[in-house]
Structure formats: C-alpha cells, structure tokens
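K.L.:
Quick one: the structure is below, questions incoming.
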Amino acid sequence: MADSVGTIGLVLAWVFALVIAISLVLLGIIAWRRRTLLKTPGTFPAKALTAVGGEKLATARGVVVSYHESSVEVLAVWSISPLPYFSVARHVLELHRDTSDHRTGSDVRLELLDLDSGARITLALSADHCAELTTWHESGPAVGIGHWREAPERVQRRRYF
C-alpha cells in the first residue's frame with residue numbers, strides 16, 4: 001500500500017514538473033516572439049480597443065503592428081501563432097484618426113478600415129507611432145494610378161518566422 005502511494009506521488013510530481021516546464025517554454029517562446037517582432041523595422045506596440053468586426057473588447061488587447069511594402073498586419077502579442085490577427089493590403093487601407101476624444105493621455109485612437117471587406121479595428125497607440133503609420137500610408141502611390149488599381153502581384157516574403 002505504501003509503495004503504491006509513493007509511486008502515485010512520484011508520478012504526480014513528474015506530471016506537475018512537466019506542466020511547469022512546458023509552461024515556461026511557452027512563455028519563453030512568446031517573449032522571444034514579441035522581442036523579435038518589435039526589433040523588426042516597421043513594427044511597434046499598440047493596443048486593440050475593438051475586435052476585427054468592430055465590437056468593443058472588454059479590455060484592451062496588446063498587439064504588435066507591422067507594416068511593410070504592400071500591407072499592414074496586426075499581430076497578437078500573447079500568441080505563438082505566426083498568422084496576423086488582422087491584415088489589410090495597402091491599396092485598400094483607410095485610416096481614421098479619432099479626434100473627438102479629448103483625453104489627457106498620450107494614446108491616440110486610430111481606426112484601420114479594409115475598404116474591400118469592411119473589416120475594421122480600432123487601435124490605441126502613441127502619437128509618434130500614429131504619425132509613423134499615417135506617413136507610411138500616405139507615402140505610397142496614389143490609389144487608382146498604375147498597378148495600384150489592383151492588388152500588387154508580388155507578395156513580399158515575411159520578415160519573421
């Protein structure tokens with residue numbers, strides 16, 4: 001009897017140690033992913049205030065915004081998935097800066113809208129990052145001129161993962 005209790009206790013201790021080890025590895029992967037994403041040029045941290053459909057989130061979700069040649073992507077911070085939470089091509093992107101909110105905080109509200117699908121997401125980000133994203137968006141070729149009437153044919157290779 002005492003031998004079986006000791007064996008069960010030993011098995012439970014090993015299972016508990018395995019769960020702790022897996023949890024630590026996952027937290028390490030998430031921390032490494034966030035650090036790698038934020039060191040990539042064209043990325044910055046933000047908070048998602050609404051979900052992709054437009055419904056308000058109960059709490060702001062930490063995200064990383066990444067923009068490159070042809071699109072902008074919003075990636076979840078606390079995830080190991082390489083897929084973006086929200087992605088929109090540059091030629092169908094529309095930005096709306098919320099100026100109605102007269103808060104004293106440093107965050108600026110910016111809405112990203114996909115003109116094709118109607119999907120939208122509202123982000124809270126610093127004024128510097130808002131200026132960075134709007135400058136990137138405005139510096140692209142004008143929509144309707146040349147190849148920007150259609151989606152770009154060349155897909156840029158992902159710079160992470």
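Chain labels follow the order of the structure tokens: the first chain is A, the next B, and so on; residue numbering restarts at 1 in every chain, and ligands are counted from 1 in their shown order.
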Which parts of segment 73-144 of chain A does DSSP call strand (DSSP E) when run on the backbone here, written out as a ChimeraX atom specification?

P.N.:
/A:73-76,86-89,93-98,107-114,120-126

K.L.:
Hey, which of A:Leu95, A:Leu75, A:Leu26, A:Ala60 ends up closest to Phe44 of chain A? Count only C-alpha atoms.

P.N.:
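For Phe44 of chain A, the nearest of the given residues is A:Leu75.
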
K.L.:
List as a list in words the protein and nucleic acid residues near Arg90 of chain A, meaning an atom at most 8 Å away when only C-alpha atoms are counted, but skip any in the same chain fewer than 2 places from it.

P.N.:
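What passes the distance filter is Glu69, Ser70, Ser71, Val72, Val88, Val92, Leu93 and His137 of chain A.
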
K.L.:
Those same residues, written as a PDB file, in the first residue's frame with N, CA and C atoms?

P.N.:
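Once everything was written out, this is part01.pdb:
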```pdb
ATOM      1  N   GLU A  69       5.954  46.759 -47.373  1.00  0.00           N
ATOM      2  CA  GLU A  69       5.709  47.328 -48.698  1.00  0.00           C
ATOM      3  C   GLU A  69       4.243  47.352 -49.118  1.00  0.00           C
ATOM      4  N   SER A  70       3.527  46.268 -48.944  1.00  0.00           N
ATOM      5  CA  SER A  70       2.189  46.188 -49.532  1.00  0.00           C
ATOM      6  C   SER A  70       1.054  46.003 -48.544  1.00  0.00           C
ATOM      7  N   SER A  71       1.323  45.878 -47.257  1.00  0.00           N
ATOM      8  CA  SER A  71       0.220  45.662 -46.317  1.00  0.00           C
ATOM      9  C   SER A  71       0.618  46.053 -44.902  1.00  0.00           C
ATOM     10  N   VAL A  72      -0.391  46.105 -44.056  1.00  0.00           N
ATOM     11  CA  VAL A  72      -0.190  46.316 -42.628  1.00  0.00           C
ATOM     12  C   VAL A  72      -0.845  45.139 -41.912  1.00  0.00           C
ATOM     13  N   VAL A  88      -4.476  43.895 -43.756  1.00  0.00           N
ATOM     14  CA  VAL A  88      -5.140  44.601 -44.852  1.00  0.00           C
ATOM     15  C   VAL A  88      -4.075  45.099 -45.830  1.00  0.00           C
ATOM     16  N   VAL A  92      -6.093  49.082 -50.221  1.00  0.00           N
ATOM     17  CA  VAL A  92      -7.494  49.158 -49.775  1.00  0.00           C
ATOM     18  C   VAL A  92      -7.589  49.608 -48.317  1.00  0.00           C
ATOM     19  N   LEU A  93      -6.509  50.118 -47.771  1.00  0.00           N
ATOM     20  CA  LEU A  93      -6.472  50.568 -46.381  1.00  0.00           C
ATOM     21  C   LEU A  93      -6.932  52.012 -46.274  1.00  0.00           C
ATOM     22  N   HIS A 137       1.439  55.218 -44.868  1.00  0.00           N
ATOM     23  CA  HIS A 137       0.257  55.046 -45.712  1.00  0.00           C
ATOM     24  C   HIS A 137       0.186  56.138 -46.779  1.00  0.00           C
TER      25      HIS A 137
END
```

K.L.:
Write out as a list in words which residues come within 7 Å of Ser87 of chain A when counting only C-alpha atoms, dropping same-chain ones fewer than 3 positions away.

P.N.:
Val72, Glu73, Val74 and Pro84 of chain A

K.L.:
Need to verify the contact set: segment 108-122 of chain A, 7 Å, only C-alpha atoms, exclusion of same-chain residues closer than 6 positions in sequence. Can you return it as a list of chain:residue names?

P.N.:
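Counting only C-alpha atoms, the residues come to A:Ala48, A:Leu49, A:Thr50, A:Ala51, A:Val52, A:Gly53, A:Gly54, A:Val88, A:Val92, A:Leu93, A:Glu94, A:Leu95, A:His96, A:Arg97, A:Asp98.
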
K.L.:
Write a file of the just-selected residues containing C-alpha atoms, as a CSV table (one decimal), in the first residue's frame.

P.N.:
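Final file, out_27.csv:
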```csv
chain,number,residue,atom,x,y,z
A,48,ALA,CA,-6.5,46.8,-29.8
A,49,LEU,CA,-9.7,48.5,-28.5
A,50,THR,CA,-12.1,46.7,-30.8
A,51,ALA,CA,-12.2,43.3,-32.3
A,52,VAL,CA,-11.9,42.9,-36.1
A,53,GLY,CA,-15.7,43.0,-36.5
A,54,GLY,CA,-15.9,46.4,-34.7
A,88,VAL,CA,-5.1,44.6,-44.9
A,92,VAL,CA,-7.5,49.2,-49.8
A,93,LEU,CA,-6.5,50.6,-46.4
A,94,GLU,CA,-8.1,53.7,-45.0
A,95,LEU,CA,-7.0,55.3,-41.7
A,96,HIS,CA,-9.3,57.4,-39.5
A,97,ARG,CA,-7.7,59.2,-36.6
A,98,ASP,CA,-10.2,59.8,-33.7
```

K.L.:
Could you jot down the atom CA of Ile22 of chain A to atom CA of Leu38 of chain A separation for me, Å, one decimal place?

P.N.:
24.4 Å

K.L.:
Can you measure atom CA of Val77 of chain A to atom CA of Trp32 of chain A for me? One decimal in Å is fine.

P.N.:
10.6 Å
